[in-house]
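Heads up, the thing below is written out as structure tokens.
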Amino acid sequence: MDLIIPNRLHHTDTVHRNLTADPFNGVVTCGFLYKEPDYIRMFKENDINFKLDYYGGVLILEGSATHIDNEGHSWVVKPGSYIQRFPGKVHSTVISENQNWLEFYICIGKELFESLVKLGMLDVRHEVLNPGITMALLTKLELFLQSCKQAEETDLPFLVVEAQHILVTINQMCHKSGDETTNDMIDNACRLIGNLAGSGQGHILVEDIAKELGVGVELFRKKFKTKVGISPGEYLCRRRMNLAQSMLVNRHRSVKEVAIELGFPDGFTFSKQFKKLVGVSPSQFRKIY
């Protein structure tokens with residue numbers, strides 16, 4: 001069954017950061033790009049004979065296209081395809097019209113890219129890879145975008161580490177073997193936790209989730225953190241905060257009502273957790289949006 005992309009991702013949401021004054025080596029940028037048919041028709045030339053002076057990777061989430069490298073080789077790309085934009089290389093991505101297009105892109109500096117290639121951590125033999133899409137990977141991408149937005153200047157070097165981790169993960173997914181069972185388990189876990197996040201239950205035991213999936217608790221914890229990058233408990237908190245943000249935009253609910261509906265014992269506990277993960281209090285968030 002194809003993975004259904006959450007509706008919350010169907011909009012453009014990007015961020016651009018730079019560790020240094022060098023625009024080609026200090027860059028760390030990423031985000032979701034959403035294009036509707038009218039946009040694709042009007043700006044289709046933007047992706048023709050395109051060239052970057054740093055490395056960029058594009059994971060296609062929705063839509064299809066024909067990708068052409070600088071030597072004229074072409075590939076049909078679709079959801080789960082990953083296009084590598086190598087520094088200084090011209091390429092074209094011709095997006096099919098009369099469809100919606102959604103991608104997640106991530107860019108790093110040229111020197112960092114070259115270092116990863118020398119270490120054998122990136123596959124540069126092929127401009128188009130096919131890692132596929134999992135809920136665990138989508139979560140990594142969402143969390144990375146959030147980190148890029150919230151990072152203070154002194155924290156920017158850590159973004160480079162996170163970016164490397166994502167790029168290596170995508171490359172590893174292209175060469176995975178014998179790990180489908182684990183991927184299915186983690187996808188099921190993400191869906192289950194997502195359902196629990198909005199169920200109004202208070203304290204949710206990891207043991208119960210592991211039992212539901214038919215695996216041992218410690219094995220589940222280990223595999224979940226390896227695939228998603230955070231613990232099941234942290235993932236649950238983040239899913240609750242995503243729901244909370246959507247609910248707070250609805251003015252008909254008070255902060256306390258949102259807290260109770262999401263399973264928090266009181267508004268204070270909810271507000272404290274919300275500010276920790278989102279960066280502002282629920283009341284401030286509501287004023288902004």
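Labels used: A, B, ... for chains in the order of the structure tokens, numbers from 1 for residues in each chain, and numbers from 1 for ligands as shown.
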Strand (DSSP E) per DSSP on the backbone: members of region 4-202 of chain A, as a ChimeraX atom specification:
/A:13-18,27-35,55-62,65-68,74-77,82-85,92-95,101-108,128-129
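Contact shell of Trp101 (chain A) at 9 Å (only C-alpha atoms; same-chain neighbours under 5 positions omitted): Leu33, Tyr34, Lys35, Glu36, Pro37, Ile40, Ile60, Leu61, Glu62, Gly63, Ser64, Ile95 and Ser96 of chain A.
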Please provide as a list in words all residues within 12 Å of Glu162 (chain A), with the sequence filter that same-chain residues fewer than 4 positions apart are discarded (counting only C-alpha atoms).
Val28, Thr29, Cys30, Ile106, Cys107, Ile108, Lys140, Leu141, Leu143, Phe144, Leu145, Gln146, Ser147, Cys148, Ala151, Asp155, Leu156, Pro157, Phe158, Ile166, Leu167, Val168, Thr169 and Gly229 of chain A
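Residues of region 27-101 of chain A that DSSP, applied to the backbone, places in alpha helix (DSSP H): A:Pro37, A:Asp38, A:Tyr39, A:Ile40, A:Arg41, A:Met42.
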If you count only C-alpha atoms, which residues fall within 8 Å of region 255-258 of chain A, apart from same-chain ones fewer than 6 positions away, as a PyMOL selection string?
chain A and resi 244+247-248+266-267+282-283
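A straight line drawn from CA of Arg17 (chain A) to CA of Phe113 (chain A) is 16.4 Å long.
Here CA of Glu212 (chain A) stands at a distance of 15.7 Å from CA of Ala197 (chain A).
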Tell me, as a ChimeraX atom specification, which residues lie within 8 Å of Thr134 (chain A), counting only C-alpha atoms; anything in the same chain fewer than 5 positions away does not count.
/A:3,183,187
Can you write out the residues you just picked, keeping C-alpha atoms, as a compact mmCIF listing (two decimals), in the first residue's frame?
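selection.txt was written with the following content:
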# COMPACT_ATOMS: atom_id res chain seq x y z
CA LEU A 3 2.04 5.81 1.94
CA ASN A 183 10.40 -0.82 8.36
CA ASP A 187 5.56 2.52 10.08
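Shortest separation to Gly80 (chain A) among A:Val217, A:Cys190, A:Leu102, A:Leu119 occurs at residue A:Leu102, atoms counted being only C-alpha atoms.
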